[in-house]
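Trainee: Pasting input.pdb below, which is PDB, C-alpha atoms and all ligand atoms.
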```
ATOM      1  CA  MET A  16     -11.358 -30.865 -11.543
ATOM      2  CA  GLY A  17     -10.661 -30.802 -15.306
ATOM      3  CA  TRP A  18      -8.654 -28.068 -17.039
ATOM      4  CA  ILE A  19     -11.734 -26.451 -18.600
ATOM      5  CA  GLU A  20     -13.388 -26.206 -15.208
ATOM      6  CA  LYS A  21     -10.174 -24.775 -13.719
ATOM      7  CA  ALA A  22      -9.875 -22.195 -16.527
ATOM      8  CA  LEU A  23     -13.517 -21.161 -16.080
ATOM      9  CA  MET A  24     -13.023 -20.784 -12.368
ATOM     10  CA  ARG A  25      -9.898 -18.641 -12.903
ATOM     11  CA  ALA A  26     -11.774 -16.402 -15.361
ATOM     12  CA  ASN A  27     -14.801 -15.988 -13.084
ATOM     13  CA  ARG A  28     -12.988 -15.604  -9.788
ATOM     14  CA  TRP A  29     -12.473 -11.861  -9.328
ATOM     15  CA  HIS A  30     -14.991 -11.221 -12.143
ATOM     16  CA  PHE A  31     -15.541  -7.806 -10.525
ATOM     17  CA  VAL A  32     -11.826  -6.996 -10.816
ATOM     18  CA  HIS A  33     -11.829  -7.857 -14.543
ATOM     19  CA  SER A  34     -15.007  -5.767 -15.009
ATOM     20  CA  TYR A  35     -13.705  -2.688 -13.243
ATOM     21  CA  ARG A  36     -10.363  -2.833 -15.061
ATOM     22  CA  THR A  37     -12.333  -2.880 -18.320
ATOM     23  CA  ILE A  38     -14.507   0.056 -17.254
ATOM     24  CA  ILE A  39     -11.513   2.151 -16.146
ATOM     25  CA  ALA A  40      -9.687   1.455 -19.423
ATOM     26  CA  ARG A  41     -12.808   2.477 -21.402
ATOM     27  CA  GLU A  42     -13.163   5.743 -19.434
ATOM     28  CA  LYS A  43      -9.462   6.547 -19.901
ATOM     29  CA  ARG A  44      -9.940   6.220 -23.655
ATOM     30  CA  LYS A  45     -12.850   8.704 -23.385
ATOM     31  CA  HIS A  46     -10.883  11.184 -21.243
ATOM     32  CA  PRO A  47      -7.236  10.690 -22.247
ATOM     33  CA  GLN A  48      -6.099  14.015 -20.747
ATOM     34  CA  ASP A  49      -8.039  13.881 -17.501
ATOM     35  CA  ARG A  50      -7.394  10.870 -15.286
ATOM     36  CA  GLU A  51      -9.601  12.092 -12.444
ATOM     37  CA  ARG A  52     -12.550  12.600 -14.788
ATOM     38  CA  ALA A  53     -11.976   9.088 -16.188
ATOM     39  CA  LEU A  54     -12.034   7.609 -12.685
ATOM     40  CA  MET A  55     -15.224   9.535 -11.894
ATOM     41  CA  GLY A  56     -16.773   8.089 -15.050
ATOM     42  CA  ALA A  57     -15.676   4.599 -14.012
ATOM     43  CA  ILE A  58     -17.687   4.783 -10.815
ATOM     44  CA  GLY A  59     -20.731   6.105 -12.665
ATOM     45  CA  ALA A  60     -20.561   9.912 -12.332
ATOM     46  CA  ALA A  61     -21.533  11.790 -15.489
ATOM     47  CA  SER A  62     -19.613  14.952 -14.497
ATOM     48  CA  ARG A  63     -17.638  16.522 -11.637
ATOM     49  CA  ALA A  64     -20.815  18.305 -10.518
ATOM     50  CA  ASP A  65     -22.712  14.971 -10.452
ATOM     51  CA  PHE A  66     -19.893  13.362  -8.496
ATOM     52  CA  ALA A  67     -20.150  16.029  -5.784
ATOM     53  CA  ALA A  68     -23.972  16.112  -5.720
ATOM     54  CA  GLN A  69     -24.195  12.304  -5.487
ATOM     55  CA  GLY A  70     -21.643  12.289  -2.651
ATOM     56  CA  ASP A  71     -23.647  14.913  -0.763
ATOM     57  CA  ALA A  72     -26.823  12.831  -1.265
ATOM     58  CA  GLN A  73     -25.025   9.744   0.113
ATOM     59  CA  VAL A  74     -24.041  11.681   3.223
ATOM     60  CA  ALA A  75     -27.621  12.990   3.585
ATOM     61  CA  VAL A  76     -28.787   9.337   3.609
ATOM     62  CA  LEU A  77     -26.174   8.442   6.241
ATOM     63  CA  ARG A  78     -27.080  11.455   8.403
ATOM     64  CA  HIS A  79     -30.776  10.566   8.148
ATOM     65  CA  HIS A  80     -29.962   7.031   9.317
ATOM     66  CA  GLY A  81     -27.998   8.137  12.348
ATOM     67  CA  LEU A  82     -24.430   8.937  11.292
ATOM     68  CA  SER A  83     -22.793  10.995  14.029
ATOM     69  CA  ASP A  84     -19.318  12.179  14.979
ATOM     70  CA  GLY A  85     -17.044   9.645  16.673
ATOM     71  CA  MET A  86     -18.470   6.634  14.849
ATOM     72  CA  ALA A  87     -16.352   3.917  13.190
ATOM     73  CA  VAL A  88     -17.695   3.552   9.642
ATOM     74  CA  TYR A  89     -16.762   1.194   6.787
ATOM     75  CA  ASP A  90     -17.362   2.179   3.153
ATOM     76  CA  LEU A  91     -17.419  -1.082   1.192
ATOM     77  CA  GLY A  92     -16.578  -0.519  -2.480
ATOM     78  CA  CYS A  93     -15.467   3.027  -1.655
ATOM     79  CA  GLY A  94     -14.263   3.738  -5.212
ATOM     80  CA  ILE A  95     -12.326   7.013  -5.450
ATOM     81  CA  GLY A  96     -14.034   8.444  -2.379
ATOM     82  CA  ARG A  97     -17.273  10.006  -3.555
ATOM     83  CA  THR A  98     -18.704   9.516  -0.057
ATOM     84  CA  ALA A  99     -15.404  10.110   1.755
ATOM     85  CA  GLN A 100     -14.921  13.503   0.086
ATOM     86  CA  ALA A 101     -18.530  14.433   0.882
ATOM     87  CA  LEU A 102     -18.015  13.422   4.520
ATOM     88  CA  LEU A 103     -15.092  15.841   4.692
ATOM     89  CA  ARG A 104     -17.197  18.618   3.094
ATOM     90  CA  ASP A 105     -19.920  17.864   5.636
ATOM     91  CA  GLY A 106     -17.450  18.270   8.518
ATOM     92  CA  TRP A 107     -18.040  14.751   9.898
ATOM     93  CA  ARG A 108     -15.375  13.608  12.368
ATOM     94  CA  GLY A 109     -14.883   9.903  13.016
ATOM     95  CA  ARG A 110     -12.982   6.746  12.042
ATOM     96  CA  TYR A 111     -13.449   6.058   8.322
ATOM     97  CA  THR A 112     -12.245   2.930   6.517
ATOM     98  CA  GLY A 113     -12.851   2.517   2.797
ATOM     99  CA  ALA A 114     -12.219  -0.766   0.969
ATOM    100  CA  ASP A 115     -12.134  -1.452  -2.739
ATOM    101  CA  ILE A 116     -10.754  -3.994  -5.169
ATOM    102  CA  LEU A 117      -8.355  -1.848  -7.248
ATOM    103  CA  PRO A 118      -5.287   0.061  -5.984
ATOM    104  CA  GLU A 119      -5.815   2.907  -8.480
ATOM    105  CA  LEU A 120      -9.204   3.763  -6.936
ATOM    106  CA  VAL A 121      -8.037   3.457  -3.348
ATOM    107  CA  ASP A 122      -4.891   5.537  -4.029
ATOM    108  CA  HIS A 123      -7.043   8.360  -5.383
ATOM    109  CA  LEU A 124      -9.223   8.326  -2.259
ATOM    110  CA  ARG A 125      -6.141   8.423  -0.006
ATOM    111  CA  ALA A 126      -4.743  11.408  -1.910
ATOM    112  CA  GLN A 127      -8.041  13.319  -1.629
ATOM    113  CA  CYS A 128      -8.815  12.432   1.992
ATOM    114  CA  PRO A 129      -5.727  12.486   4.198
ATOM    115  CA  GLY A 130      -6.538  11.006   7.602
ATOM    116  CA  PHE A 131      -9.016   8.482   6.181
ATOM    117  CA  THR A 132      -7.943   4.838   5.863
ATOM    118  CA  ALA A 133      -8.434   3.127   2.508
ATOM    119  CA  ILE A 134      -7.416  -0.433   1.662
ATOM    120  CA  VAL A 135      -7.468  -2.900  -1.220
ATOM    121  CA  GLN A 136      -9.540  -5.950  -0.315
ATOM    122  CA  ARG A 137     -10.749  -8.621  -2.750
ATOM    123  CA  LYS A 138     -11.914 -11.250  -0.307
ATOM    124  CA  LEU A 139     -15.678 -11.120   0.236
ATOM    125  CA  ALA A 140     -15.035 -10.044   3.799
ATOM    126  CA  ILE A 141     -14.831  -6.927   5.937
ATOM    127  CA  ALA A 142     -11.329  -5.980   7.087
ATOM    128  CA  ALA A 143     -12.307  -5.252  10.677
ATOM    129  CA  PRO A 144     -12.345  -7.286  13.897
ATOM    130  CA  ASP A 145     -15.616  -8.650  15.281
ATOM    131  CA  ALA A 146     -18.153  -6.140  16.635
ATOM    132  CA  THR A 147     -16.061  -3.004  16.040
ATOM    133  CA  LEU A 148     -18.057  -0.963  13.472
ATOM    134  CA  ASP A 149     -20.952   1.410  14.130
ATOM    135  CA  MET A 150     -21.991   1.681  10.514
ATOM    136  CA  VAL A 151     -21.258  -0.104   7.242
ATOM    137  CA  PHE A 152     -22.498   1.311   3.947
ATOM    138  CA  HIS A 153     -22.114   0.473   0.295
ATOM    139  CA  TRP A 154     -23.499   2.202  -2.762
ATOM    140  CA  SER A 155     -23.883   0.355  -6.054
ATOM    141  CA  VAL A 156     -21.680  -2.569  -5.022
ATOM    142  CA  PHE A 157     -24.204  -5.429  -4.731
ATOM    143  CA  THR A 158     -25.353  -4.221  -8.169
ATOM    144  CA  HIS A 159     -22.150  -5.824  -9.545
ATOM    145  CA  LEU A 160     -22.088  -9.066  -7.550
ATOM    146  CA  TYR A 161     -23.836 -12.432  -7.677
ATOM    147  CA  PRO A 162     -26.463 -13.035  -4.965
ATOM    148  CA  GLU A 163     -24.174 -15.608  -3.340
ATOM    149  CA  GLU A 164     -21.408 -12.989  -3.071
ATOM    150  CA  CYS A 165     -23.879 -10.510  -1.561
ATOM    151  CA  PHE A 166     -24.918 -13.095   1.028
ATOM    152  CA  LEU A 167     -21.282 -13.758   2.031
ATOM    153  CA  TYR A 168     -20.665 -10.022   2.418
ATOM    154  CA  LEU A 169     -23.853  -9.630   4.497
ATOM    155  CA  GLN A 170     -22.750 -12.416   6.828
ATOM    156  CA  ASP A 171     -19.376 -10.805   7.366
ATOM    157  CA  ILE A 172     -20.821  -7.308   7.771
ATOM    158  CA  HIS A 173     -23.005  -8.720  10.564
ATOM    159  CA  ARG A 174     -19.880 -10.135  12.225
ATOM    160  CA  ALA A 175     -18.002  -6.827  12.042
ATOM    161  CA  LEU A 176     -20.867  -4.577  13.220
ATOM    162  CA  LYS A 177     -21.229  -3.729  16.887
ATOM    163  CA  PRO A 178     -24.498  -4.878  18.450
ATOM    164  CA  GLY A 179     -26.813  -1.968  17.651
ATOM    165  CA  GLY A 180     -24.753  -1.204  14.535
ATOM    166  CA  ARG A 181     -26.340  -0.448  11.170
ATOM    167  CA  LEU A 182     -25.846  -1.439   7.532
ATOM    168  CA  ILE A 183     -27.163   0.802   4.732
ATOM    169  CA  PHE A 184     -26.839  -0.177   1.093
ATOM    170  CA  SER A 185     -28.266   0.498  -2.343
ATOM    171  CA  PHE A 186     -29.516  -2.054  -4.853
ATOM    172  CA  LEU A 187     -31.405  -2.455  -8.124
ATOM    173  CA  GLU A 188     -34.835  -4.100  -8.127
ATOM    174  CA  PHE A 189     -37.290  -5.106 -10.848
ATOM    175  CA  GLU A 190     -40.141  -3.684  -8.777
ATOM    176  CA  ASP A 191     -38.869  -0.180  -9.692
ATOM    177  CA  PRO A 192     -39.670   0.590 -13.360
ATOM    178  CA  ALA A 193     -36.846   3.185 -13.401
ATOM    179  CA  HIS A 194     -34.336   0.330 -13.015
ATOM    180  CA  HIS A 195     -35.592  -1.535 -16.080
ATOM    181  CA  THR A 196     -33.325   0.461 -18.400
ATOM    182  CA  VAL A 197     -30.314  -1.298 -16.839
ATOM    183  CA  PHE A 198     -31.796  -4.692 -17.703
ATOM    184  CA  GLN A 199     -32.755  -3.563 -21.210
ATOM    185  CA  THR A 200     -29.210  -2.347 -21.917
ATOM    186  CA  ARG A 201     -27.768  -5.642 -20.707
ATOM    187  CA  THR A 202     -30.271  -7.631 -22.745
ATOM    188  CA  ALA A 203     -29.286  -5.644 -25.860
ATOM    189  CA  ASN A 204     -25.610  -6.444 -25.151
ATOM    190  CA  PHE A 205     -26.431 -10.132 -24.834
ATOM    191  CA  ALA A 206     -28.443 -10.025 -28.071
ATOM    192  CA  VAL A 207     -25.546  -8.491 -30.012
ATOM    193  CA  ASN A 208     -22.461  -9.932 -28.277
ATOM    194  CA  GLY A 209     -23.784 -12.936 -26.355
ATOM    195  CA  TRP A 210     -22.322 -11.305 -23.265
ATOM    196  CA  SER A 211     -22.111  -8.090 -21.279
ATOM    197  CA  SER A 212     -18.734  -7.064 -19.904
ATOM    198  CA  VAL A 213     -20.164  -5.760 -16.617
ATOM    199  CA  LEU A 214     -22.452  -7.653 -14.280
ATOM    200  CA  ASP A 215     -25.452  -5.532 -13.255
ATOM    201  CA  SER A 216     -27.494  -7.607 -10.862
ATOM    202  CA  PHE A 217     -30.911  -7.107  -9.340
ATOM    203  CA  LEU A 218     -32.000  -8.087  -5.849
ATOM    204  CA  HIS A 219     -35.472  -8.501  -4.370
ATOM    205  CA  ARG A 220     -36.747  -7.122  -1.097
ATOM    206  CA  ASP A 221     -37.977 -10.588  -0.092
ATOM    207  CA  TRP A 222     -34.483 -12.102  -0.643
ATOM    208  CA  ILE A 223     -32.898  -9.368   1.467
ATOM    209  CA  THR A 224     -35.540  -9.917   4.159
ATOM    210  CA  LEU A 225     -34.923 -13.688   4.161
ATOM    211  CA  TRP A 226     -31.125 -13.259   4.289
ATOM    212  CA  ALA A 227     -31.440 -10.723   7.107
ATOM    213  CA  ARG A 228     -33.462 -13.235   9.137
ATOM    214  CA  GLN A 229     -31.045 -16.099   8.399
ATOM    215  CA  ILE A 230     -28.012 -14.001   9.361
ATOM    216  CA  GLY A 231     -29.483 -12.385  12.482
ATOM    217  CA  PHE A 232     -30.294  -8.825  11.404
ATOM    218  CA  ALA A 233     -33.565  -7.172  12.431
ATOM    219  CA  PRO A 234     -36.205  -7.010   9.647
ATOM    220  CA  PRO A 235     -34.915  -4.584   6.966
ATOM    221  CA  ARG A 236     -36.438  -1.230   6.092
ATOM    222  CA  PHE A 237     -36.521  -0.155   2.469
ATOM    223  CA  THR A 238     -36.719   3.169   0.633
ATOM    224  CA  SER A 239     -37.495   3.384  -3.062
ATOM    225  CA  GLY A 240     -35.145   5.324  -5.305
ATOM    226  CA  SER A 241     -37.685   8.059  -6.084
ATOM    227  CA  ASP A 242     -38.427   8.813  -2.412
ATOM    228  CA  THR A 243     -37.499  12.370  -1.400
ATOM    229  CA  ALA A 244     -39.142  12.432   2.047
ATOM    230  CA  ASP A 245     -35.914  12.444   4.088
ATOM    231  CA  HIS A 246     -33.050  13.001   1.635
ATOM    232  CA  PRO A 247     -32.532  13.594  -2.090
ATOM    233  CA  ALA A 248     -33.825  10.830  -4.364
ATOM    234  CA  PHE A 249     -31.174   8.111  -4.580
ATOM    235  CA  TRP A 250     -32.355   6.403  -7.803
ATOM    236  CA  GLN A 251     -31.207   2.983  -6.565
ATOM    237  CA  SER A 252     -33.355   1.483  -3.795
ATOM    238  CA  LEU A 253     -32.008   1.563  -0.240
ATOM    239  CA  ALA A 254     -31.995  -1.136   2.449
ATOM    240  CA  VAL A 255     -31.288  -0.531   6.140
ATOM    241  CA  LEU A 256     -30.396  -3.544   8.305
ATOM    242  CA  ASP A 257     -29.759  -3.289  12.047
ATOM    243  CA  LYS A 258     -27.735  -5.757  14.106
ATOM    244  CA  PRO A 259     -29.878  -6.066  17.227
ATOM    245  CA  ALA A 260     -28.380  -4.929  20.526
ATOM    246  CA  PRO A 261     -28.742  -7.406  23.409
ATOM    247  CA  ALA A 262     -31.990  -6.848  25.361
TER     248      ALA A 262
HETATM  249  C1  LIG A 301     -20.501   2.071  -8.981
HETATM  250  S1  LIG A 301     -18.990   2.072  -8.116
HETATM  251  C2  LIG A 301     -19.454   2.944  -6.626
HETATM  252  C3  LIG A 301     -18.273   3.424  -5.842
HETATM  253  C4  LIG A 301     -18.619   4.112  -4.521
HETATM  254  N1  LIG A 301     -19.406   3.249  -3.679
HETATM  255  C5  LIG A 301     -19.327   5.407  -4.789
HETATM  256  O1  LIG A 301     -20.524   5.522  -4.511
HETATM  257  O2  LIG A 301     -18.671   6.303  -5.312
HETATM  258  C6  LIG A 301     -18.863   0.393  -7.514
HETATM  259  C7  LIG A 301     -17.602   0.143  -6.739
HETATM  260  O3  LIG A 301     -17.639  -1.177  -6.212
HETATM  261  C8  LIG A 301     -16.353  -1.713  -6.294
HETATM  262  N2  LIG A 301     -16.460  -3.176  -6.240
HETATM  263  C9  LIG A 301     -16.778  -4.033  -7.231
HETATM  264  N3  LIG A 301     -16.753  -5.300  -6.776
HETATM  265  C10 LIG A 301     -16.434  -5.235  -5.462
HETATM  266  C11 LIG A 301     -16.242  -6.218  -4.442
HETATM  267  N4  LIG A 301     -16.381  -7.518  -4.682
HETATM  268  N5  LIG A 301     -15.910  -5.790  -3.215
HETATM  269  C12 LIG A 301     -15.763  -4.465  -2.952
HETATM  270  N6  LIG A 301     -15.926  -3.501  -3.876
HETATM  271  C13 LIG A 301     -16.249  -3.880  -5.115
HETATM  272  C14 LIG A 301     -15.817  -1.176  -7.613
HETATM  273  O4  LIG A 301     -14.422  -1.256  -7.716
HETATM  274  C15 LIG A 301     -16.341   0.255  -7.564
HETATM  275  O5  LIG A 301     -15.456   1.127  -6.935
END
```
How does this structure look as structure tokens?
Mentor:
Amino acid sequence: MGWIEKALMRANRWHFVHSYRTIIAREKRKHPQDRERALMGAIGAASRADFAAQGDAQVAVLRHHGLSDGMAVYDLGCGIGRTAQALLRDGWRGRYTGADILPELVDHLRAQCPGFTAIVQRKLAIAAPDATLDMVFHWSVFTHLYPEECFLYLQDIHRALKPGGRLIFSFLEFEDPAHHTVFQTRTANFAVNGWSSVLDSFLHRDWITLWARQIGFAPPRFTSGSDTADHPAFWQSLAVLDKPAPA
């Protein structure tokens, strides 16, 4: 491998770490006196009220899809604990593990949610032994990864879930016109700068369905971001993938 190729690989490896450091630094410039508000901005909350309402909506989605007390759950890309804090407000009791790529985010979650485990993990893998988790969820994480990275995570989530366990995650899709603004903003960045500092990626339901089949999940179920039938509208689309239990 030549030096240019090596340098490119070094710059692209951990692209999500570089992106999130950039976002956090930008939000700290916006909110120099309020670190917590800056961190909320970095994970996409427009205000403290939004942060709490979005967390409650995440828990409503989990409850609708079978979250119950006593479960072992894994919050991939847990950020500063939007879901974890909402789980505490909800009164849920169980074994929670959150994983994220930056110590500053994970430290904040730990401080807010004593008794919950939160770890820094940059490998595209789940920090849990085989077949030990009842539920894995991740909100707006695949939106920042390449499809290949998503596939590797899906494979490892399947390994870590118990038979009968469930994965729930959110994603952006071109089929939803509400998501087009994300693409338009990125396109404008590329037009002006030739680049966009954050990767916002889109998935397709047929890719997720194909990957689920290849990995061994049951056929996925999807909910569009505007659907309010069973929980508040989520804006991003939702996918639910079950690891089949033995017959
Ligand atoms: C939009 S924020 C959402 C945070 C959290 N899921 C929530 O709903 O509050 C995306 C999160 O994904 C994390 N992230 C980015 N790349 C990741 C990766 N490769 N593995 C795990 N987490 C990642 C970011 O650090 C960030 O905390």
Trainee: Need the axis-aligned box for ligand LIG 301 (chain A) with 3 Å each side, so what are the centre and edges in Å to one decimal, as AutoDock Vina command-line options?
Mentor:
```
--center_x -17.5 --center_y -0.6 --center_z -6.0 --size_x 12.1 --size_y 19.8 --size_z 12.0
```
Trainee: Nearest to Asp71 (chain A): which of A:Glu163, A:Asp257, A:Asp115, A:Asp105 is it, counting only C-alpha atoms?
Mentor: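 Comparing A:Glu163, A:Asp257, A:Asp115, A:Asp105 against Asp71 (chain A), the winner is A:Asp105.
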Trainee: Counting all atoms listed in the file, which protein, DNA or RNA residues come within 7 Å of ligand LIG 301 (chain A), given as a ChimeraX atom specification?
Mentor: /A:31-32,35,58-59,91-98,114-117,120,136-137,139,153-156,159-160
Trainee: Residues of the last selection are to be written out with C-alpha atoms, as an mmCIF file, keeping the file's coordinate frame.
Mentor:
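Resulting contents of result_19.cif:
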```cif
data_model
loop_
_atom_site.group_PDB
_atom_site.id
_atom_site.type_symbol
_atom_site.label_atom_id
_atom_site.label_comp_id
_atom_site.auth_asym_id
_atom_site.auth_seq_id
_atom_site.Cartn_x
_atom_site.Cartn_y
_atom_site.Cartn_z
ATOM 1 C CA PHE A 31 -15.541 -7.806 -10.525
ATOM 2 C CA VAL A 32 -11.826 -6.996 -10.816
ATOM 3 C CA TYR A 35 -13.705 -2.688 -13.243
ATOM 4 C CA ILE A 58 -17.687 4.783 -10.815
ATOM 5 C CA GLY A 59 -20.731 6.105 -12.665
ATOM 6 C CA LEU A 91 -17.419 -1.082 1.192
ATOM 7 C CA GLY A 92 -16.578 -0.519 -2.480
ATOM 8 C CA CYS A 93 -15.467 3.027 -1.655
ATOM 9 C CA GLY A 94 -14.263 3.738 -5.212
ATOM 10 C CA ILE A 95 -12.326 7.013 -5.450
ATOM 11 C CA GLY A 96 -14.034 8.444 -2.379
ATOM 12 C CA ARG A 97 -17.273 10.006 -3.555
ATOM 13 C CA THR A 98 -18.704 9.516 -0.057
ATOM 14 C CA ALA A 114 -12.219 -0.766 0.969
ATOM 15 C CA ASP A 115 -12.134 -1.452 -2.739
ATOM 16 C CA ILE A 116 -10.754 -3.994 -5.169
ATOM 17 C CA LEU A 117 -8.355 -1.848 -7.248
ATOM 18 C CA LEU A 120 -9.204 3.763 -6.936
ATOM 19 C CA GLN A 136 -9.540 -5.950 -0.315
ATOM 20 C CA ARG A 137 -10.749 -8.621 -2.750
ATOM 21 C CA LEU A 139 -15.678 -11.120 0.236
ATOM 22 C CA HIS A 153 -22.114 0.473 0.295
ATOM 23 C CA TRP A 154 -23.499 2.202 -2.762
ATOM 24 C CA SER A 155 -23.883 0.355 -6.054
ATOM 25 C CA VAL A 156 -21.680 -2.569 -5.022
ATOM 26 C CA HIS A 159 -22.150 -5.824 -9.545
ATOM 27 C CA LEU A 160 -22.088 -9.066 -7.550
#
```
Trainee: Please provide the set of residues having any atom within 12 Å of Ala248 (chain A), restricted to all atoms listed in the file, with same-chain residues fewer than 4 positions apart removed, written as a ChimeraX atom specification.
Mentor: /A:68-69,71-73,75-76,185,238-244,252-253
Trainee: Hey, can you check how far CA of Met86 (chain A) sits from CA of Trp107 (chain A)?
Mentor: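 About the pair CA of Met86 (chain A) and CA of Trp107 (chain A): they are 9.5 Å apart.
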Trainee: For this file, the PyMOL selection byres (((chain A and resi 165-181) around 8) and not hetatm) selects which residues, as a PDB file with C-alpha atoms, keeping the file's coordinate frame?
Mentor:
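After the write, out12.pdb holds the following:
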```
ATOM      1  CA  LEU A 139     -15.678 -11.120   0.236  1.00  0.00           C
ATOM      2  CA  ALA A 140     -15.035 -10.044   3.799  1.00  0.00           C
ATOM      3  CA  ILE A 141     -14.831  -6.927   5.937  1.00  0.00           C
ATOM      4  CA  ALA A 143     -12.307  -5.252  10.677  1.00  0.00           C
ATOM      5  CA  PRO A 144     -12.345  -7.286  13.897  1.00  0.00           C
ATOM      6  CA  ASP A 145     -15.616  -8.650  15.281  1.00  0.00           C
ATOM      7  CA  ALA A 146     -18.153  -6.140  16.635  1.00  0.00           C
ATOM      8  CA  THR A 147     -16.061  -3.004  16.040  1.00  0.00           C
ATOM      9  CA  LEU A 148     -18.057  -0.963  13.472  1.00  0.00           C
ATOM     10  CA  ASP A 149     -20.952   1.410  14.130  1.00  0.00           C
ATOM     11  CA  MET A 150     -21.991   1.681  10.514  1.00  0.00           C
ATOM     12  CA  VAL A 151     -21.258  -0.104   7.242  1.00  0.00           C
ATOM     13  CA  PHE A 157     -24.204  -5.429  -4.731  1.00  0.00           C
ATOM     14  CA  LEU A 160     -22.088  -9.066  -7.550  1.00  0.00           C
ATOM     15  CA  TYR A 161     -23.836 -12.432  -7.677  1.00  0.00           C
ATOM     16  CA  PRO A 162     -26.463 -13.035  -4.965  1.00  0.00           C
ATOM     17  CA  GLU A 163     -24.174 -15.608  -3.340  1.00  0.00           C
ATOM     18  CA  GLU A 164     -21.408 -12.989  -3.071  1.00  0.00           C
ATOM     19  CA  LEU A 182     -25.846  -1.439   7.532  1.00  0.00           C
ATOM     20  CA  ILE A 183     -27.163   0.802   4.732  1.00  0.00           C
ATOM     21  CA  TRP A 226     -31.125 -13.259   4.289  1.00  0.00           C
ATOM     22  CA  ILE A 230     -28.012 -14.001   9.361  1.00  0.00           C
ATOM     23  CA  GLY A 231     -29.483 -12.385  12.482  1.00  0.00           C
ATOM     24  CA  PHE A 232     -30.294  -8.825  11.404  1.00  0.00           C
ATOM     25  CA  VAL A 255     -31.288  -0.531   6.140  1.00  0.00           C
ATOM     26  CA  LEU A 256     -30.396  -3.544   8.305  1.00  0.00           C
ATOM     27  CA  ASP A 257     -29.759  -3.289  12.047  1.00  0.00           C
ATOM     28  CA  LYS A 258     -27.735  -5.757  14.106  1.00  0.00           C
ATOM     29  CA  PRO A 259     -29.878  -6.066  17.227  1.00  0.00           C
ATOM     30  CA  ALA A 260     -28.380  -4.929  20.526  1.00  0.00           C
ATOM     31  CA  PRO A 261     -28.742  -7.406  23.409  1.00  0.00           C
TER      32      PRO A 261
END
```
Trainee: Using only C-alpha atoms, find each residue in region 216-237 of chain A having at least one atom no more than 12 Å away from region 188-210 of chain A; report its shortest atom-to-atom pair and that distance in Å (one decimal), rows by chain then rising number, as JSON lines.
Mentor:
```
{"residue": "A:Ser216", "atom": "CA", "partner": "A:Glu188", "partner_atom": "CA", "distance": 8.6}
{"residue": "A:Phe217", "atom": "CA", "partner": "A:Glu188", "partner_atom": "CA", "distance": 5.1}
{"residue": "A:Leu218", "atom": "CA", "partner": "A:Glu188", "partner_atom": "CA", "distance": 5.4}
{"residue": "A:His219", "atom": "CA", "partner": "A:Glu188", "partner_atom": "CA", "distance": 5.8}
{"residue": "A:Arg220", "atom": "CA", "partner": "A:Glu188", "partner_atom": "CA", "distance": 7.9}
{"residue": "A:Asp221", "atom": "CA", "partner": "A:Glu188", "partner_atom": "CA", "distance": 10.8}
{"residue": "A:Trp222", "atom": "CA", "partner": "A:Glu188", "partner_atom": "CA", "distance": 11.0}
{"residue": "A:Ile223", "atom": "CA", "partner": "A:Glu188", "partner_atom": "CA", "distance": 11.1}
{"residue": "A:Phe237", "atom": "CA", "partner": "A:Glu188", "partner_atom": "CA", "distance": 11.4}
```
Trainee: Please, could you write that set of residues out with C-alpha atoms as a CSV table (one decimal), keeping the file's coordinate frame?
Mentor:
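So part-v2.csv came out as:
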```csv
chain,number,residue,atom,x,y,z
A,216,SER,CA,-27.5,-7.6,-10.9
A,217,PHE,CA,-30.9,-7.1,-9.3
A,218,LEU,CA,-32.0,-8.1,-5.8
A,219,HIS,CA,-35.5,-8.5,-4.4
A,220,ARG,CA,-36.7,-7.1,-1.1
A,221,ASP,CA,-38.0,-10.6,-0.1
A,222,TRP,CA,-34.5,-12.1,-0.6
A,223,ILE,CA,-32.9,-9.4,1.5
A,237,PHE,CA,-36.5,-0.2,2.5
```
Trainee: Please compute the CA of Glu20 (chain A)-CA of Ile38 (chain A) distance, one decimal, in Å.
Mentor: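 Pair CA of Glu20 (chain A) / CA of Ile38 (chain A) returns 26.4 Å.
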Trainee: Tell me, in Å to one decimal, how far CA of Glu51 (chain A) is from CA of Asn27 (chain A).
Mentor: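 Result for CA of Glu51 (chain A) versus CA of Asn27 (chain A): 28.6 Å, one decimal.
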Trainee: Using the chain letters and residue numbers of this document, give as a PyMOL selection string the residues selected by the PyMOL selection byres (((chain A and resi 39) around 10) and not hetatm).
Mentor: chain A and resi 34-38+40-45+50+53-58+119-120
Trainee: Which of these, A:Pro118, A:His123, A:Asp84, A:Gly17, has the shortest distance to Gln100 (chain A) once you count all atoms listed in the file?
Mentor: A:His123
Trainee: Out of A:Gln48, A:Gly106, A:Trp18, A:Phe184, which residue has the shortest atom-to-atom distance to Tyr89 (chain A) when counting all atoms listed in the file?
Mentor: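 Of all the options, A:Phe184 lies closest to Tyr89 (chain A).
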Trainee: Would you mind telling me which residue in A:Phe152, A:Val121, A:Gly70, A:Trp29 lies nearest to Val88 (chain A) when using all atoms listed in the file?
Mentor: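 Looking only at the distances to Val88 (chain A), the closest residue turns out to be A:Phe152.
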Trainee: Determine the nearest neighbour of Ala99 (chain A) from the options A:Pro247, A:Pro235, A:Pro129, A:Pro47, counting only C-alpha atoms.
Mentor: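 For Ala99 (chain A), the nearest of the given residues is A:Pro129.
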Trainee: Return the single residue from A:His80, A:Arg63, A:Ala254, A:Ile19 that is closest to Ala233 (chain A), with distances computed using all atoms listed in the file.
Mentor: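 When distances to Ala233 (chain A) are compared using all atoms listed in the file, the smallest one comes from A:Ala254.
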